[in-house]
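Working notes for the structure below.
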Amino acid sequence: MTTQPWTVSDLQGSPRRQRRETAIRRLVFAATVTSVLVSGLILYSLAFEAITFMREVDWSTTWGQLGWFPRRGIFDLPTIMVATVSVTVIAMAVAGPLGLAAAIYLSEYAPSRVRTVLKPTLEVMAGIPSVVLGYFALRFIAPQLVGNLFSTAAPANLLAAGVGVGLLIIPLMASLSEDALTAVPHSLRQASAGLGARKVTTTTNVVIPAAVSGLTAAGIVAASRAVGETMVVFIAGGAADSVIKSYNPLDPGMTMTAAMASVASGTDSIAGQGQAFQSLFFVGLLLFIMTMLLNVLADKFVRRFRQRY
Amino acid sequence: MASPSVRKRLPATTFNLTRRMDVKGRVFEVALLMAVAVTLGAVAALISQVFFDAWPVLSGRFGQFLTSGLGSRPEISGIAQGLRGTLYLCFIVAVVAFPLGIGSAIYLEQYAKPGRLTRFVDLNIRNLAGVPSVVYGILGLTVFVKGPFVGAITGGRTPLAAGLTLSALVLPLVIIASVEAIRSVPQELIEAGYGVGATQSEVIRHHVLPYAIPGILTGTLLSMARAAGEAAPLILVGTTTGFLTNIPAWWDVGQVRERFTAMPIIITSWVRQPETGFKVEGAAAAIIVLMLVVVMLNSVAIVLRSRFEKRRQG
């Protein structure tokens with residue numbers, strides 16, 4: 001058997017194999033680049049028409065007007081922004097306590113048999129399309145719940161839509177909060193029990209304070225989702241093409257997202273021209289900035305709770 | 001051993017007393033249970049309301065409802081075109097978003113070196129996941145419907161344009177789910193692969209992916225369910241809400257470049273009609289069909305994941 005000294009190329013493997021490695025590496029890198037490309041394209045598509053809108057619009061029509069009438073060239077921003085804020089607040093008033101309670105129950109109290117049923121149920125609930133909740137808000141929440149509680153409520157109103165959005169984001173709130181609660185080390189619970197604290201005291205005075213930054217992040221992410229939710233308000237908010245300014249959630253209303261959907265659902269008639277169409281992009285840009293800020297804020301909180309444990 | 005004497009010093013009433021005193025604990029637990037009951041009650045109310053509203057269609061003409069097209073009279077209208085449109089969209093998402101998403105997850109977990117670029121890509125993906133779906137609709141409208149060159153390929157307001165829009169929407173979700181699945185692969189498995197002389201791509205194909213595939217599948221199925229239920233981006237892309245002239249054959253692939261409609265859009269436009277035949281009965285029956293599609297995808301995904309978790313524990 002003749003032995004020859006090894007060369008570097010022997011250790012590098014066959015060139016064919018190397019070429020294949022490089023090709024696969026480039027392929028998956030290209031796939032990664034698409035996500036950056038998508039971000040770039042989103043910014044590009046928002047900015048172009050939004051800037052045109054901002055340059056050409058008569059700014060006096062965006063403030064202190066009767067309401068949001070895009071087809072008549074009246075773009076009263078407070079109308080849709082206040083509606084967005086009130087829907088978000090109502091949704092969080094529903095989803096915050098209910099989602100948090102479900103999370104506490106799942107992570108601290110539920111026996112494993114209940115857990116194996118409840119958790120998948122919440123996950124299937126997370127998959128309910130928003131059009132379905134819009135329908136439910138219009139057919140059930142508005143007449144049965146809101147209509148019976150407040151006699152002055154309009155047949156379709158922002159309060160009902162807000163409750164619908166709240167139901168939609170309960171699963172998200174619950175699952176993010178549960179993640180934050182289960183991340184609390186078990187030793188903290190044991191130490192608390194060892195000092196003689198009851199379960200409720202351990203939960204409210206030890207586990208929840210330890211998870212507070214994660215829980216805050218969960219709330220912010222859920223709120224950001226409520227801000228961006230479109231279909232529930234579009235279907236159940238009670239406003240079609242335009243809306244009169246009202247800060248009362250018992251009146252019909254239109255959030256920023258619903259305003260976008262309603263301008264766009266007439267794109268056939270306005271044929272993609274004119275200021276009403278451009279307002280779509282301007283509102284979209286505002287929405288993009290708002291949700292982006294909320295997400296960055298949530299990320300800050302998440303980072304804090306990761307660092308701790 | 002010493003328990004009898006301990007018992008003497010601590011009479012049973014001590015425990016009884018403290019147990020009776022734990023009112024706060026009981027109240028707290030009952031409050032939690034009530035909150036969970038309210039949530040589940042809302043879901044039950046939703047389901048029963050939808051079934052109640054849809055009953056005339058379900059009991060009378062469900063078969064015809066599934067096979068006929070949109071029409072001006074509620075009694076003879078159906079959702080055939082919408083169901084088809086939704087299936088097209090799911091198919092396009094599977095073909096476009098899944099390979100891209102899984103590919104980037106592989107890159108991020110197996111190839112990327114920690115650095116500024118990787119951090120930026122990672123942050124970007126997490127931000128994309130939080131962008132509202134209407135904003136993706138604007139992307140679809142500007143780039144996939146009207147964009148130079150791309151618009152010519154998609155043919156305007158077509159399933160192709162809408163499918164690409166939804167693919168962009170679910171891409172970050174697919175990436176995040178796949179990254180998590182790949183991260184759960186034990187390091188020993190990967191090192192053993194390298195130890196027997198496999199190259200990086202061989203380790204990925206033979207060890208990483210087979211181990212991670214149930215987790216990846218779960219994420220992709222959930223994303224597909226999300227895409228099937230989305231309405232807002234489709235409204236912006238310009239899905240037809242009116243009539244479509246015919247119901248073409250299933251195998252007519254050219255339809256991906258024609259005008260179309262989808263289940264969530266049919267529901268949205270029917271809810272806004274004045275006649276109860278559309279507004280209540282039709283919309284509720286269409287909701288049941290859409291929910292069947294979405295819940296089926298979700299349940300398969302959840303069952304798959306729980307199997308996967310059991311396998312890892314066992």
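By order of appearance in the structure tokens: chains A, B, ..., then residues from 1 within every chain, and ligands from 1 in the order shown.
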
Which polymer residues have any atom within 9 Å of an atom of Phe28 (chain B), counting only C-alpha atoms, with same-chain residues fewer than 5 positions away left out, as an MDAnalysis selection string?
(chainID A and resid 200) or (chainID B and resid 23 33)

Go ahead and save the picked residues with C-alpha atoms, as a JSON list (two decimals), in the first residue's frame.
[["chain", "number", "residue", "atom", "x", "y", "z"],
["A", 200, "VAL", "CA", -53.14, 33.67, 46.26],
["B", 23, "VAL", "CA", -61.50, 33.68, 51.84],
["B", 33, "LEU", "CA", -62.69, 30.66, 36.82]]

Can you pull out every residue within 10 Å of Thr52 (chain A), counting only C-alpha atoms, but drop anything in the same chain fewer than 3 positions away, and send it as JSON, numbers by chain?
{"A": [47, 48, 49, 55, 56, 57, 275, 278, 279, 281, 282]}

Residue subset to file, keeping N, CA and C atoms, as a PDB file, in the first residue's frame:
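Ended up saving to result-v4.pdb:
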ATOM      1  N   ALA A  47     -45.011  55.377   1.383  1.00  0.00           N
ATOM      2  CA  ALA A  47     -44.454  56.730   1.352  1.00  0.00           C
ATOM      3  C   ALA A  47     -44.839  57.495   0.099  1.00  0.00           C
ATOM      4  N   PHE A  48     -44.807  56.832  -1.047  1.00  0.00           N
ATOM      5  CA  PHE A  48     -44.962  57.537  -2.304  1.00  0.00           C
ATOM      6  C   PHE A  48     -46.236  58.357  -2.356  1.00  0.00           C
ATOM      7  N   GLU A  49     -47.400  57.678  -2.219  1.00  0.00           N
ATOM      8  CA  GLU A  49     -48.684  58.373  -2.319  1.00  0.00           C
ATOM      9  C   GLU A  49     -48.963  59.217  -1.077  1.00  0.00           C
ATOM     10  N   ARG A  55     -48.415  66.750   0.452  1.00  0.00           N
ATOM     11  CA  ARG A  55     -48.037  67.973  -0.277  1.00  0.00           C
ATOM     12  C   ARG A  55     -49.251  68.685  -0.834  1.00  0.00           C
ATOM     13  N   GLU A  56     -50.278  67.907  -1.241  1.00  0.00           N
ATOM     14  CA  GLU A  56     -51.371  68.518  -1.989  1.00  0.00           C
ATOM     15  C   GLU A  56     -52.603  68.825  -1.162  1.00  0.00           C
ATOM     16  N   VAL A  57     -52.730  68.170  -0.004  1.00  0.00           N
ATOM     17  CA  VAL A  57     -53.972  68.336   0.737  1.00  0.00           C
ATOM     18  C   VAL A  57     -54.037  69.723   1.376  1.00  0.00           C
ATOM     19  N   GLN A 275     -57.725  62.503  -4.360  1.00  0.00           N
ATOM     20  CA  GLN A 275     -57.224  62.670  -3.011  1.00  0.00           C
ATOM     21  C   GLN A 275     -57.770  61.621  -2.043  1.00  0.00           C
ATOM     22  N   GLN A 278     -55.558  58.794  -2.217  1.00  0.00           N
ATOM     23  CA  GLN A 278     -54.255  59.038  -1.589  1.00  0.00           C
ATOM     24  C   GLN A 278     -54.357  59.050  -0.067  1.00  0.00           C
ATOM     25  N   SER A 279     -55.534  59.461   0.451  1.00  0.00           N
ATOM     26  CA  SER A 279     -55.693  59.502   1.909  1.00  0.00           C
ATOM     27  C   SER A 279     -55.508  58.108   2.504  1.00  0.00           C
ATOM     28  N   PHE A 281     -53.296  55.992   1.721  1.00  0.00           N
ATOM     29  CA  PHE A 281     -51.877  55.759   1.973  1.00  0.00           C
ATOM     30  C   PHE A 281     -51.396  56.579   3.159  1.00  0.00           C
ATOM     31  N   PHE A 282     -51.933  57.791   3.273  1.00  0.00           N
ATOM     32  CA  PHE A 282     -51.537  58.647   4.386  1.00  0.00           C
ATOM     33  C   PHE A 282     -51.963  58.029   5.714  1.00  0.00           C
TER      34      PHE A 282
END

If you run DSSP on the backbone here, which positions in region 49-269 of chain A get helix (DSSP H, G or I)? Please write them as a PyMOL selection string.
chain A and resi 49-56+59-62+70-72+77-109+112-126+130-149+158-182+186-194+199-210+212-228+231-236+256-264+267-269

Return the single residue from A:Lys300, A:Arg115, A:Arg198, A:Arg189 that is closest to chain B, with distances computed using only C-alpha atoms.
A:Arg198

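Nearest-residue note for Leu41 (chain A): choosing from B:Val143, B:Ala80, B:Leu46, B:Ile92, the minimum distance belongs to B:Val143, counting only C-alpha atoms.
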
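Distance-wise, CA of Pro214 (chain B) and CA of Thr182 (chain A) end up 23.6 Å apart.
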
Hey, what's within 10 Å of Lys279 (chain B) if we count only C-alpha atoms and toss same-chain stuff fewer than 2 positions away? As a ChimeraX atom specification, please?
/A:135,139 /B:53,74,267-277,281-284

Atomic distance CA of Gly219 (chain B) - CA of Leu166 (chain B), expressed in Å with one decimal
15.2 Å

Within 10 Å of Gly64 (chain A) using only C-alpha atoms, minus same-chain residues under 6 positions, as a ChimeraX atom specification
/A:75-79,245

Include C-alpha atoms and write out the residues we just selected as a PDB file, in the first residue's frame.
ATOM      1  CA  PHE A  75     -60.351  64.366   6.039  1.00  0.00           C
ATOM      2  CA  ASP A  76     -60.942  65.148   9.691  1.00  0.00           C
ATOM      3  CA  LEU A  77     -58.171  63.147  11.335  1.00  0.00           C
ATOM      4  CA  PRO A  78     -59.396  63.512  14.954  1.00  0.00           C
ATOM      5  CA  THR A  79     -62.596  61.672  13.972  1.00  0.00           C
ATOM      6  CA  LYS A 245     -67.445  63.280  14.226  1.00  0.00           C
TER       7      LYS A 245
END

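With only C-alpha atoms as the atoms that count, the minimum distance from Ala126 (chain A) to the choices A:Ile169, A:Ala211, A:Leu285, A:Ala95 is reached by A:Ile169.
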
So that I can check the surroundings of Phe234 (chain A), please list as an MDAnalysis selection string every protein, DNA and RNA residue that reaches within 9 Å of it, counting only C-alpha atoms and ignoring chain neighbours fewer than 3 positions away.
(chainID A and resid 134 161 230:231 237:240 254:255 257:259 261:262) or (chainID B and resid 268)

Writer output for current selection, N, CA and C atoms, as a PDB file, in the first residue's frame:
ATOM      1  N   GLY A 134     -66.610  40.212  13.576  1.00  0.00           N
ATOM      2  CA  GLY A 134     -67.361  41.384  13.118  1.00  0.00           C
ATOM      3  C   GLY A 134     -68.841  41.057  13.020  1.00  0.00           C
ATOM      4  N   ALA A 161     -68.293  47.150  18.530  1.00  0.00           N
ATOM      5  CA  ALA A 161     -67.124  46.782  17.729  1.00  0.00           C
ATOM      6  C   ALA A 161     -65.901  46.607  18.614  1.00  0.00           C
ATOM      7  N   THR A 230     -58.958  45.503  11.493  1.00  0.00           N
ATOM      8  CA  THR A 230     -59.768  46.215  10.512  1.00  0.00           C
ATOM      9  C   THR A 230     -61.207  45.733  10.447  1.00  0.00           C
ATOM     10  N   MET A 231     -61.384  44.431  10.215  1.00  0.00           N
ATOM     11  CA  MET A 231     -62.678  43.945   9.747  1.00  0.00           C
ATOM     12  C   MET A 231     -63.793  44.065  10.776  1.00  0.00           C
ATOM     13  N   GLY A 237     -68.919  48.585  12.981  1.00  0.00           N
ATOM     14  CA  GLY A 237     -68.821  49.966  13.464  1.00  0.00           C
ATOM     15  C   GLY A 237     -69.987  50.844  13.058  1.00  0.00           C
ATOM     16  N   GLY A 238     -70.738  50.419  12.056  1.00  0.00           N
ATOM     17  CA  GLY A 238     -71.942  51.135  11.694  1.00  0.00           C
ATOM     18  C   GLY A 238     -71.745  52.306  10.756  1.00  0.00           C
ATOM     19  N   ALA A 239     -70.543  52.538  10.257  1.00  0.00           N
ATOM     20  CA  ALA A 239     -70.319  53.637   9.321  1.00  0.00           C
ATOM     21  C   ALA A 239     -69.957  53.061   7.959  1.00  0.00           C
ATOM     22  N   ALA A 240     -70.549  53.604   6.895  1.00  0.00           N
ATOM     23  CA  ALA A 240     -70.288  53.047   5.573  1.00  0.00           C
ATOM     24  C   ALA A 240     -69.140  53.760   4.864  1.00  0.00           C
ATOM     25  N   MET A 254     -65.782  55.028  12.872  1.00  0.00           N
ATOM     26  CA  MET A 254     -64.878  54.420  11.918  1.00  0.00           C
ATOM     27  C   MET A 254     -63.456  54.625  12.413  1.00  0.00           C
ATOM     28  N   THR A 255     -62.727  53.529  12.587  1.00  0.00           N
ATOM     29  CA  THR A 255     -61.330  53.671  12.995  1.00  0.00           C
ATOM     30  C   THR A 255     -60.483  53.944  11.757  1.00  0.00           C
ATOM     31  N   THR A 257     -58.241  52.049  10.427  1.00  0.00           N
ATOM     32  CA  THR A 257     -58.207  50.874   9.555  1.00  0.00           C
ATOM     33  C   THR A 257     -59.522  50.735   8.779  1.00  0.00           C
ATOM     34  N   ALA A 258     -60.650  50.945   9.468  1.00  0.00           N
ATOM     35  CA  ALA A 258     -61.939  50.825   8.794  1.00  0.00           C
ATOM     36  C   ALA A 258     -62.075  51.903   7.730  1.00  0.00           C
ATOM     37  N   ALA A 259     -61.536  53.103   8.012  1.00  0.00           N
ATOM     38  CA  ALA A 259     -61.582  54.172   7.020  1.00  0.00           C
ATOM     39  C   ALA A 259     -60.815  53.767   5.770  1.00  0.00           C
ATOM     40  N   ALA A 261     -60.274  50.637   4.730  1.00  0.00           N
ATOM     41  CA  ALA A 261     -61.030  49.594   4.033  1.00  0.00           C
ATOM     42  C   ALA A 261     -62.189  50.213   3.274  1.00  0.00           C
ATOM     43  N   SER A 262     -62.818  51.239   3.862  1.00  0.00           N
ATOM     44  CA  SER A 262     -64.002  51.768   3.192  1.00  0.00           C
ATOM     45  C   SER A 262     -63.610  52.600   1.978  1.00  0.00           C
TER      46      SER A 262
ATOM     47  N   THR B 268     -68.045  39.605   4.125  1.00  0.00           N
ATOM     48  CA  THR B 268     -68.075  41.054   4.350  1.00  0.00           C
ATOM     49  C   THR B 268     -69.123  41.728   3.482  1.00  0.00           C
TER      50      THR B 268
END

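CA of Val207 (chain A) is positioned 28.7 Å from CA of Val163 (chain A).
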
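Here the question is which of A:Leu297, A:Leu158, A:Met290, A:Val165 gets nearest to Thr216 (chain A) using only C-alpha atoms, and that residue is A:Leu297.
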
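Considering only C-alpha atoms, the residue among B:Leu141, B:Val280, B:Met263, B:Leu171 positioned nearest to Asn124 (chain B) is B:Leu171.
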
Compile the contact shell of Gly147 (chain A) as a PyMOL selection string: residues with an atom at most 12 Å away, counting only C-alpha atoms, same-chain residues fewer than 2 positions apart removed.
chain A and resi 137-145+149-157+159-160+250-251

Now that the selection is made, can you save its residues with N, CA and C atoms as a compact mmCIF listing (two decimals), in the first residue's frame?
# COMPACT_ATOMS: atom_id res chain seq x y z
N ALA A 137 -70.25 40.70 16.49
CA ALA A 137 -70.43 42.01 17.13
C ALA A 137 -71.70 42.68 16.62
N LEU A 138 -71.94 42.54 15.31
CA LEU A 138 -73.10 43.19 14.71
C LEU A 138 -74.41 42.50 15.08
N ARG A 139 -74.39 41.17 15.14
CA ARG A 139 -75.62 40.41 15.32
C ARG A 139 -75.93 40.12 16.78
N PHE A 140 -74.90 40.04 17.62
CA PHE A 140 -75.14 39.66 19.02
C PHE A 140 -74.75 40.76 20.01
N ILE A 141 -73.50 41.20 19.94
CA ILE A 141 -73.01 42.14 20.96
C ILE A 141 -73.79 43.45 20.89
N ALA A 142 -73.99 43.97 19.67
CA ALA A 142 -74.67 45.27 19.55
C ALA A 142 -76.12 45.20 20.04
N PRO A 143 -76.96 44.29 19.52
CA PRO A 143 -78.35 44.30 20.00
C PRO A 143 -78.53 43.70 21.40
N GLN A 144 -77.88 42.59 21.71
CA GLN A 144 -78.16 41.89 22.97
C GLN A 144 -77.46 42.51 24.17
N LEU A 145 -76.20 42.91 23.96
CA LEU A 145 -75.40 43.37 25.10
C LEU A 145 -75.49 44.89 25.22
N LEU A 149 -78.05 47.39 27.52
CA LEU A 149 -77.46 48.15 28.62
C LEU A 149 -77.66 49.65 28.43
N PHE A 150 -77.52 50.12 27.19
CA PHE A 150 -77.63 51.55 26.92
C PHE A 150 -78.73 51.77 25.89
N SER A 151 -79.80 52.45 26.33
CA SER A 151 -80.92 52.62 25.41
C SER A 151 -80.61 53.63 24.31
N THR A 152 -79.60 54.49 24.54
CA THR A 152 -79.32 55.52 23.54
C THR A 152 -78.38 55.02 22.44
N ALA A 153 -77.92 53.76 22.55
CA ALA A 153 -76.93 53.28 21.60
C ALA A 153 -77.51 53.15 20.20
N ALA A 154 -76.68 53.47 19.21
CA ALA A 154 -77.08 53.26 17.82
C ALA A 154 -77.10 51.75 17.54
N PRO A 155 -77.88 51.31 16.52
CA PRO A 155 -77.97 49.86 16.24
C PRO A 155 -76.59 49.23 16.00
N ALA A 156 -75.70 49.95 15.34
CA ALA A 156 -74.32 49.46 15.21
C ALA A 156 -73.44 50.58 15.75
N ASN A 157 -72.56 50.23 16.69
CA ASN A 157 -71.80 51.30 17.33
C ASN A 157 -70.38 50.86 17.65
N LEU A 159 -68.85 50.84 20.51
CA LEU A 159 -68.67 50.04 21.73
C LEU A 159 -68.77 48.55 21.41
N ALA A 160 -69.80 48.18 20.63
CA ALA A 160 -69.96 46.77 20.25
C ALA A 160 -68.75 46.30 19.45
N LEU A 250 -71.06 55.12 21.78
CA LEU A 250 -72.38 54.53 21.50
C LEU A 250 -72.88 54.93 20.11
N ASP A 251 -72.15 55.85 19.45
CA ASP A 251 -72.51 56.25 18.10
C ASP A 251 -71.76 55.39 17.09

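Residues with any atom within 12 Å of Val150 (chain B), counting only C-alpha atoms and excluding same-chain neighbours fewer than 6 positions away, are B:Gly140, B:Leu141, B:Thr142, B:Val143, B:Phe144, B:Gly156, B:Arg157, B:Leu160, B:Ala161, B:Leu164.
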